[in-house]
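Student: Please find one structure pasted underneath; my questions will follow.
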2 protein chains.
Amino acid sequence: MGRIYLGVDGGGTGCRAAFWDTEGRRLGTGLAGPANLTTDFDAGIANVRAAIAAAARDAGLSDDDARGAVCHAGLAGVQSPQTAARAAAALPCTRARVDEDRGIVIAGALGPQGDGTVLAIGTGSFAGRRQDGAVRSVGGWGLRLGDCASGAWLGRAALSATLEAADGMRDPSPLTDALLARMGGTPQGLVAFAATAQPADLGALAPEVMRAAADGDATARGIVAEGAAWMERALAALGHAADDPLCLTGGLGPLYRAALDRDGRRFVPPLGTPLDGALILARAYAEG
Amino acid sequence: MGRIYLGVDGGGTGCRAAFWDTEGRRLGTGLAGPANLTTDFDAGIANVRAAIAAAARDAGLSDDDARGAVCHAGLAGVQSPQTAARAAAALPCTRARVDEDRGIVIAGALGPQGDGTVLAIGTGSFAGRRQDGAVRSVGGWGLRLGDCASGAWLGRAALSATLEAADGMRDPSPLTDALLARMGGTPQGLVAFAATAQPADLGALAPEVMRAAADGDATARGIVAEGAAWMERALAALGHAADDPLCLTGGLGPLYRAALDRDGRRFVPPLGTPLDGALILARAYAEG
């Protein structure tokens with residue numbers, strides 16, 4: 001058997017693993033629970049290992065074959081080289097590299113080579129750029145201090161605006177009327193929801209905010225414009241040039257296209273998934 | 001013994017109680033732990049009762065005397081008439097009224113009568129206005145969705161700006177340089193601090209933000225200007241007229257004066273504390 005590759009995409013809601021052969025044909029795929037190593041290192045690693053074991057079974061690989069694969073794992077919550085090394089040592093492969101999960105998103109979206117910029121907008125958000133092979137990213141630090149323009153941020157901003165509308169501090173809109181009614185019709189109801197809401201709960205409101213903006217809701221349009229302004233600042237910080245390829249990815253990224261459209265801006269679709277990005281980085285690791 | 005009054009100021013960090021005689025002379029004061037009824041109703045009530053018992057001892061009042069006092073308690077976390085009634089029934093007075101804590105702040109700052117507006121800015125924030133005896137307030141809903149311009153909000157905004165400076169998304173300033181160095185010099189250090197920081201921890205950074213703004217730090221000035229803009233919108237929503245008395249209170253309120261100064265704006269100092277406000281409202285309750 002020739003060289004095989006193992007890629008892992010580990011995020012806060014679940015992780016995916018896949019094996020590929022030398023030619024890039026996928027041999028098998030496995031899924032398991034969340035892998036955020038900051039939240040719970042041991043549970044995260046156990047889920048990564050479970051996803052790899054499931055992928056090996058799916059591919060019909062022996063433990064020895066699996067151990068011989070060259071692995072790149074992009075895992076949420078890897079915030080230091082120490083954590084990355086500790087995680088790599090815990091994987092069932094002789095040659096395993098672990099990194100935070102932004103790299104596999106960028107590689108998956110842009111493919112194995114070429115310059116370009118990615119705005120990855122799901123429950124969280126970050127922006128990344130690859131230029132002459134070097135990758136740099138900004139954002140991706142979580143909702144407490146960052147994740148501007150993300151789904152969780154959109155949902156929270158809509159609830160804050162609804163609270164201000166209930167207080168008479170801003171004009172109500174169809175969006176704030178709908179949210180207020182759904183939360184019991186009082187500021188107290190909004191505050192109670194927000195007190196226990198996780199980022200995913202806030203992000204669940206984001207599609208409604210985006211729909212409202214497309215329908216001309218003034219509150220929603222203001223929020224989306226603020227998110228788009230953050231994206232423009234991120235692009236500027238990354239040195240994105242006007243005619244560089246720009247890829248909007250994640251569940252919400254494509255919904256920002258209208259807000260980001262400019263003369264000469266060149267939108268490109270993502271070439272692959274973060275799991276495809278993990279294969280690209282596993283190959284680069286094998287070759288480098 | 002003539003009619004006596006009992007006032008209680010119960011907040012998230014501690015509660016204060018005092019008895020006064022008919023002439024408004026203070027007979028005794030007592031302190032106890034926090035009284036946020038949303039956070040923990042039973043513990044909050046136990047602390048309110050402990051503060052009242054300490055004040056009665058300080059005043060040399062018998063249990064019967066204390067029971068005969070007319071009481072107004074302004075307590076944090078009272079978000080419904082049901083909670084207020086349940087709390088009033090749990091106090092050791094025959095005639096007790098409980099309300100959320102914004103009313104005693106407004107009455108304390110403005111005194112027993114007269115129109116005026118209060119911007120109360122401490123760890124949290126709200127704005128209140130009394131006009132022809134009627135009181136209305138906006139804000140005060142907590143940091144997750146609101147508390148704009150508050151100490152916790154200032155601290156969080158400064159950390160968010162520092163994270164963006166570390167990412168190269170905005171110019172660093174003396175304030176962001178100092179905060180980044182203090183948090184370990186990395187975005188990860190900032191994120192780790194914010195992950196567990198309570199509003200009071202974030203508010204502890206606010207005086208530094210205010211000092212930096214006064215010293216001309218561009219980041220701090222931008223944050224303070226945003227807080228002041230929220231205050232202006234609150235004043236407008238409350239119908240504050242240009243020459244109405246405006247009282248800046250709470251630990252940080254007075255520090256916003258320069259940012260709020262306008263032609264014809266009439267700043268007035270607070271006439272008393274929230275505990276003084278509780279006496280005013282206890283008297284109004286006895287008379288009403």
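Labeling convention for the structure tokens: chains A, B, ... as they appear, residues from 1 per chain, ligands from 1 in order of appearance.
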Using only C-alpha atoms, find each residue of chain A with at least one atom at most 9 Å away from an atom of chain B; report its shortest atom-to-atom pair and that distance in Å (one decimal), sort the rows by chain and rising residue number, and return the result as a Markdown table.

Tutor:
```
| residue | atom | partner | partner_atom | distance |
| --- | --- | --- | --- | --- |
| A:Gln79 | CA | B:Gln188 | CA | 6.6 |
| A:Ser80 | CA | B:Gln188 | CA | 8.4 |
| A:Ser137 | CA | B:Asp167 | CA | 8.1 |
| A:Val138 | CA | B:Asp167 | CA | 5.6 |
| A:Gly139 | CA | B:Asp167 | CA | 7.2 |
| A:Trp141 | CA | B:Val191 | CA | 6.8 |
| A:Gly142 | CA | B:Val191 | CA | 7.8 |
| A:Arg144 | CA | B:Ala194 | CA | 6.8 |
| A:Leu145 | CA | B:Ser160 | CA | 4.8 |
| A:Gly146 | CA | B:Ser160 | CA | 6.4 |
| A:Arg156 | CA | B:Leu145 | CA | 6.9 |
| A:Ala157 | CA | B:Leu145 | CA | 7.7 |
| A:Leu159 | CA | B:Leu145 | CA | 6.9 |
| A:Ser160 | CA | B:Leu145 | CA | 4.8 |
| A:Ala161 | CA | B:Leu145 | CA | 8.5 |
| A:Leu163 | CA | B:Leu145 | CA | 7.6 |
| A:Glu164 | CA | B:Gly139 | CA | 7.7 |
| A:Asp167 | CA | B:Val138 | CA | 5.6 |
| A:Gly168 | CA | B:Ala237 | CA | 6.0 |
| A:Met169 | CA | B:Ala237 | CA | 5.2 |
| A:Arg170 | CA | B:Ala237 | CA | 8.0 |
| A:Pro187 | CA | B:Trp141 | CA | 7.9 |
| A:Gln188 | CA | B:Gln79 | CA | 6.6 |
| A:Leu190 | CA | B:Leu145 | CA | 8.6 |
| A:Val191 | CA | B:Trp141 | CA | 6.8 |
| A:Ala194 | CA | B:Arg144 | CA | 6.8 |
| A:Ala195 | CA | B:Arg144 | CA | 7.2 |
| A:Arg233 | CA | B:Met169 | CA | 6.5 |
| A:Ala234 | CA | B:Met169 | CA | 6.2 |
| A:Ala236 | CA | B:Met169 | CA | 7.9 |
| A:Ala237 | CA | B:Met169 | CA | 5.2 |
| A:Leu238 | CA | B:Gly168 | CA | 8.3 |
```

Student: Please produce an output containing N, CA and C atoms for each residue in the selection, written as a short mmCIF file (atom, residue, chain, number, x, y, z; two decimals), in the first residue's frame.

Tutor:
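out_35.cif, written as the output of this step:
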```cif
data_model
loop_
_atom_site.label_atom_id
_atom_site.label_comp_id
_atom_site.auth_asym_id
_atom_site.auth_seq_id
_atom_site.Cartn_x
_atom_site.Cartn_y
_atom_site.Cartn_z
N GLN A 79 -4.53 26.77 21.11
CA GLN A 79 -4.09 28.16 21.20
C GLN A 79 -2.61 28.30 21.51
N SER A 80 -1.87 27.21 21.52
CA SER A 80 -0.43 27.31 21.78
C SER A 80 0.27 26.13 21.14
N SER A 137 -4.10 35.22 9.48
CA SER A 137 -5.53 35.42 9.71
C SER A 137 -5.76 36.38 10.86
N VAL A 138 -6.94 36.97 10.90
CA VAL A 138 -7.35 37.87 11.98
C VAL A 138 -8.73 37.44 12.44
N GLY A 139 -9.06 37.79 13.67
CA GLY A 139 -10.36 37.41 14.23
C GLY A 139 -10.34 35.97 14.70
N TRP A 141 -11.64 34.95 17.67
CA TRP A 141 -11.30 34.91 19.10
C TRP A 141 -12.49 34.69 20.02
N GLY A 142 -13.65 34.40 19.48
CA GLY A 142 -14.80 34.12 20.34
C GLY A 142 -15.67 35.35 20.56
N ARG A 144 -17.02 36.79 23.22
CA ARG A 144 -16.91 37.73 24.34
C ARG A 144 -16.21 39.01 23.94
N LEU A 145 -15.12 38.89 23.18
CA LEU A 145 -14.36 40.08 22.77
C LEU A 145 -14.36 40.27 21.26
N GLY A 146 -14.78 39.26 20.51
CA GLY A 146 -14.63 39.37 19.07
C GLY A 146 -15.75 38.69 18.32
N ARG A 156 -26.90 38.36 18.74
CA ARG A 156 -26.79 39.20 19.93
C ARG A 156 -27.10 40.66 19.59
N ALA A 157 -26.58 41.14 18.47
CA ALA A 157 -26.84 42.53 18.08
C ALA A 157 -28.33 42.76 17.87
N LEU A 159 -30.79 41.17 19.36
CA LEU A 159 -31.44 41.20 20.68
C LEU A 159 -31.16 42.51 21.40
N SER A 160 -29.93 43.03 21.29
CA SER A 160 -29.61 44.32 21.92
C SER A 160 -30.47 45.43 21.31
N ALA A 161 -30.61 45.40 20.00
CA ALA A 161 -31.43 46.42 19.33
C ALA A 161 -32.89 46.28 19.75
N LEU A 163 -33.95 45.19 22.63
CA LEU A 163 -34.04 45.74 23.98
C LEU A 163 -34.13 47.26 23.94
N GLU A 164 -33.33 47.89 23.08
CA GLU A 164 -33.39 49.35 22.95
C GLU A 164 -34.73 49.80 22.38
N ASP A 167 -37.20 49.77 25.08
CA ASP A 167 -36.96 50.90 25.98
C ASP A 167 -37.34 52.24 25.33
N GLY A 168 -37.71 52.23 24.06
CA GLY A 168 -38.00 53.48 23.37
C GLY A 168 -36.75 54.23 22.95
N MET A 169 -35.60 53.56 22.94
CA MET A 169 -34.36 54.23 22.56
C MET A 169 -34.09 54.18 21.07
N ARG A 170 -34.82 53.35 20.35
CA ARG A 170 -34.70 53.33 18.88
C ARG A 170 -36.04 52.92 18.32
N PRO A 187 -38.70 43.36 28.10
CA PRO A 187 -37.23 43.37 28.23
C PRO A 187 -36.75 42.21 29.11
N GLN A 188 -37.50 41.91 30.17
CA GLN A 188 -37.10 40.83 31.07
C GLN A 188 -36.98 39.50 30.32
N LEU A 190 -36.21 39.10 27.15
CA LEU A 190 -34.98 39.15 26.35
C LEU A 190 -33.75 38.89 27.21
N VAL A 191 -33.75 39.54 28.38
CA VAL A 191 -32.59 39.40 29.28
C VAL A 191 -32.48 37.95 29.76
N ALA A 194 -31.02 35.78 26.99
CA ALA A 194 -29.60 36.04 26.76
C ALA A 194 -28.74 35.52 27.91
N ALA A 195 -29.32 35.45 29.10
CA ALA A 195 -28.53 35.05 30.28
C ALA A 195 -27.97 33.65 30.13
N ARG A 233 -12.53 46.06 7.25
CA ARG A 233 -11.31 46.36 8.02
C ARG A 233 -10.39 45.15 8.09
N ALA A 234 -11.01 43.95 8.19
CA ALA A 234 -10.20 42.73 8.21
C ALA A 234 -9.47 42.55 6.88
N ALA A 236 -8.60 44.89 4.79
CA ALA A 236 -7.54 45.90 4.70
C ALA A 236 -6.34 45.47 5.54
N ALA A 237 -6.60 44.94 6.75
CA ALA A 237 -5.50 44.54 7.63
C ALA A 237 -4.70 43.39 7.01
N LEU A 238 -5.37 42.55 6.24
CA LEU A 238 -4.68 41.41 5.63
C LEU A 238 -4.01 41.78 4.31
#
```

Student: Enumerate the residues of stretch 11-142 of chain B with a DSSP assignment of strand (DSSP E or B), computed from the backbone, and present them as a PyMOL selection string.

Tutor: chain B and resi 15-20+26-32+36+70-76+95-99+116-121+125-131+134-139

Student: One number please: atom CA of A:Leu252 to atom CA of A:Leu279, in Å, one decimal.

Tutor: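 Straight-line distance from atom CA of A:Leu252 to atom CA of A:Leu279 works out to 24.1 Å.
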
Student: Name the residues in contact with A:Leu248 at a cut-off of 7 Å, using only C-alpha atoms, excluding same-chain residues fewer than 2 positions from it; report them as a list in words.

Tutor: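 Near A:Leu248, the qualifying residues are Val118, Leu119, Ala120, Leu246, Gly253 and Pro254 of chain A.
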
Student: Any chance you could export the current selection's C-alpha atoms as a PDB file, in the first residue's frame?

Tutor:
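Result file is out.pdb:
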```
ATOM      1  CA  VAL A 118     -11.298  33.891   2.912  1.00  0.00           C
ATOM      2  CA  LEU A 119     -14.054  35.378   5.068  1.00  0.00           C
ATOM      3  CA  ALA A 120     -15.275  32.426   7.141  1.00  0.00           C
ATOM      4  CA  LEU A 246     -12.337  36.656  -2.211  1.00  0.00           C
ATOM      5  CA  GLY A 253     -20.484  34.051   4.570  1.00  0.00           C
ATOM      6  CA  PRO A 254     -22.311  33.916   1.216  1.00  0.00           C
TER       7      PRO A 254
END
```

Student: After a least-squares superposition of chain B on chain A over all Cα atoms matched in order, what is the RMSD to one decimal?

Tutor: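 Once chain B is overlaid on chain A, the RMSD is 0.0 Å.
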
Student: Tell me, as a PyMOL selection string, which residues lie within 10 Å of B:Arg26, counting only C-alpha atoms; anything in the same chain fewer than 6 positions away does not count.

Tutor: chain B and resi 4-6+18-20+59+276+279

Student: Take the residues just selected and output them with N, CA and C atoms as a short mmCIF file (atom, residue, chain, number, x, y, z; two decimals), in the first residue's frame.

Tutor:
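Saved file out-v1.cif follows:
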```
data_model
loop_
_atom_site.label_atom_id
_atom_site.label_comp_id
_atom_site.auth_asym_id
_atom_site.auth_seq_id
_atom_site.Cartn_x
_atom_site.Cartn_y
_atom_site.Cartn_z
N ILE B 4 -41.65 55.71 62.21
CA ILE B 4 -40.26 55.59 61.75
C ILE B 4 -40.26 54.96 60.35
N TYR B 5 -39.14 55.22 59.67
CA TYR B 5 -39.00 54.76 58.29
C TYR B 5 -37.79 53.85 58.18
N LEU B 6 -37.90 52.89 57.28
CA LEU B 6 -36.79 51.98 57.00
C LEU B 6 -36.54 51.99 55.49
N ALA B 18 -31.22 51.44 56.66
CA ALA B 18 -31.18 52.48 57.70
C ALA B 18 -32.59 52.79 58.17
N PHE B 19 -32.68 53.16 59.46
CA PHE B 19 -33.93 53.65 60.05
C PHE B 19 -33.82 55.16 60.24
N TRP B 20 -34.94 55.85 60.03
CA TRP B 20 -35.02 57.29 60.28
C TRP B 20 -36.26 57.57 61.14
N ALA B 59 -29.65 51.25 65.92
CA ALA B 59 -30.59 52.30 66.32
C ALA B 59 -31.19 52.04 67.71
N ASP B 276 -30.51 57.29 50.77
CA ASP B 276 -31.36 58.46 50.99
C ASP B 276 -32.61 58.38 50.11
N LEU B 279 -35.26 56.30 51.73
CA LEU B 279 -36.05 57.04 52.72
C LEU B 279 -37.14 57.87 52.03
#
```

Student: From a DSSP calculation on the backbone, collect every residue of stretch 41-248 of chain A in alpha helix (DSSP H) and output the set as a PyMOL selection string.

Tutor: chain A and resi 41-59+63-67+81-89+102-110+151-166+174-182+187-196+199-203+206-214+218-237

Student: Near A:Arg129, within 6 Å and counting only C-alpha atoms, which residues show up once chain neighbours fewer than 5 positions away are dropped, as a list in words?

Tutor: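 Neighbouring residues, sequence-local ones excluded: Gly116, Thr117, Val135 and Arg136 of chain A.
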
Student: Can you write out the residues you just picked, keeping N, CA, C and O atoms, as a tab-separated table (two decimals), in the first residue's frame?

Tutor:
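Final file, selection.tsv:
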```tsv
chain	number	residue	atom	x	y	z
A	116	GLY	N	-5.21	34.32	-2.22
A	116	GLY	CA	-6.64	34.60	-2.05
A	116	GLY	C	-6.96	34.90	-0.61
A	116	GLY	O	-6.11	34.73	0.29
A	117	THR	N	-8.17	35.36	-0.39
A	117	THR	CA	-8.63	35.73	0.95
A	117	THR	C	-9.94	35.03	1.24
A	117	THR	O	-10.78	34.88	0.34
A	135	VAL	N	0.35	32.18	5.11
A	135	VAL	CA	-1.04	32.34	5.55
A	135	VAL	C	-1.07	33.21	6.80
A	135	VAL	O	-0.27	33.04	7.71
A	136	ARG	N	-2.01	34.17	6.80
A	136	ARG	CA	-2.20	35.01	7.98
A	136	ARG	C	-3.68	35.16	8.20
A	136	ARG	O	-4.46	35.21	7.25
```

Student: In Å to one decimal, how far is atom CA of A:Ala214 from atom CA of A:Pro269?

Tutor: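 Taking atom CA of A:Pro269 as the start and atom CA of A:Ala214 as the end point, the length is 21.0 Å.
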
Student: Write out as a ChimeraX atom specification which residues come within 9 Å of A:Glu226 when counting only C-alpha atoms, dropping same-chain ones fewer than 4 positions away.

Tutor: /A:148-149,221-222,230-231

Student: List the spatial neighbours of A:Ala35 as a PyMOL selection string - criterion: any atom at most 12 Å away, only C-alpha atoms, same-chain residues fewer than 3 positions off excluded.

Tutor: chain A and resi 8-17+31-32+38-51+73-78+87+100-101

Student: In terms of the shortest atom-to-atom distance over only C-alpha atoms, which of A:Arg211, A:Arg283, A:His240, A:Arg130 is closest to A:Leu255?

Tutor: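 Distance minimum relative to A:Leu255 lands on A:Arg211.
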
Student: What does the distance from atom CA of A:Pro92 to atom CA of A:Gly111 come to in Å, to one decimal?

Tutor: 26.6 Å
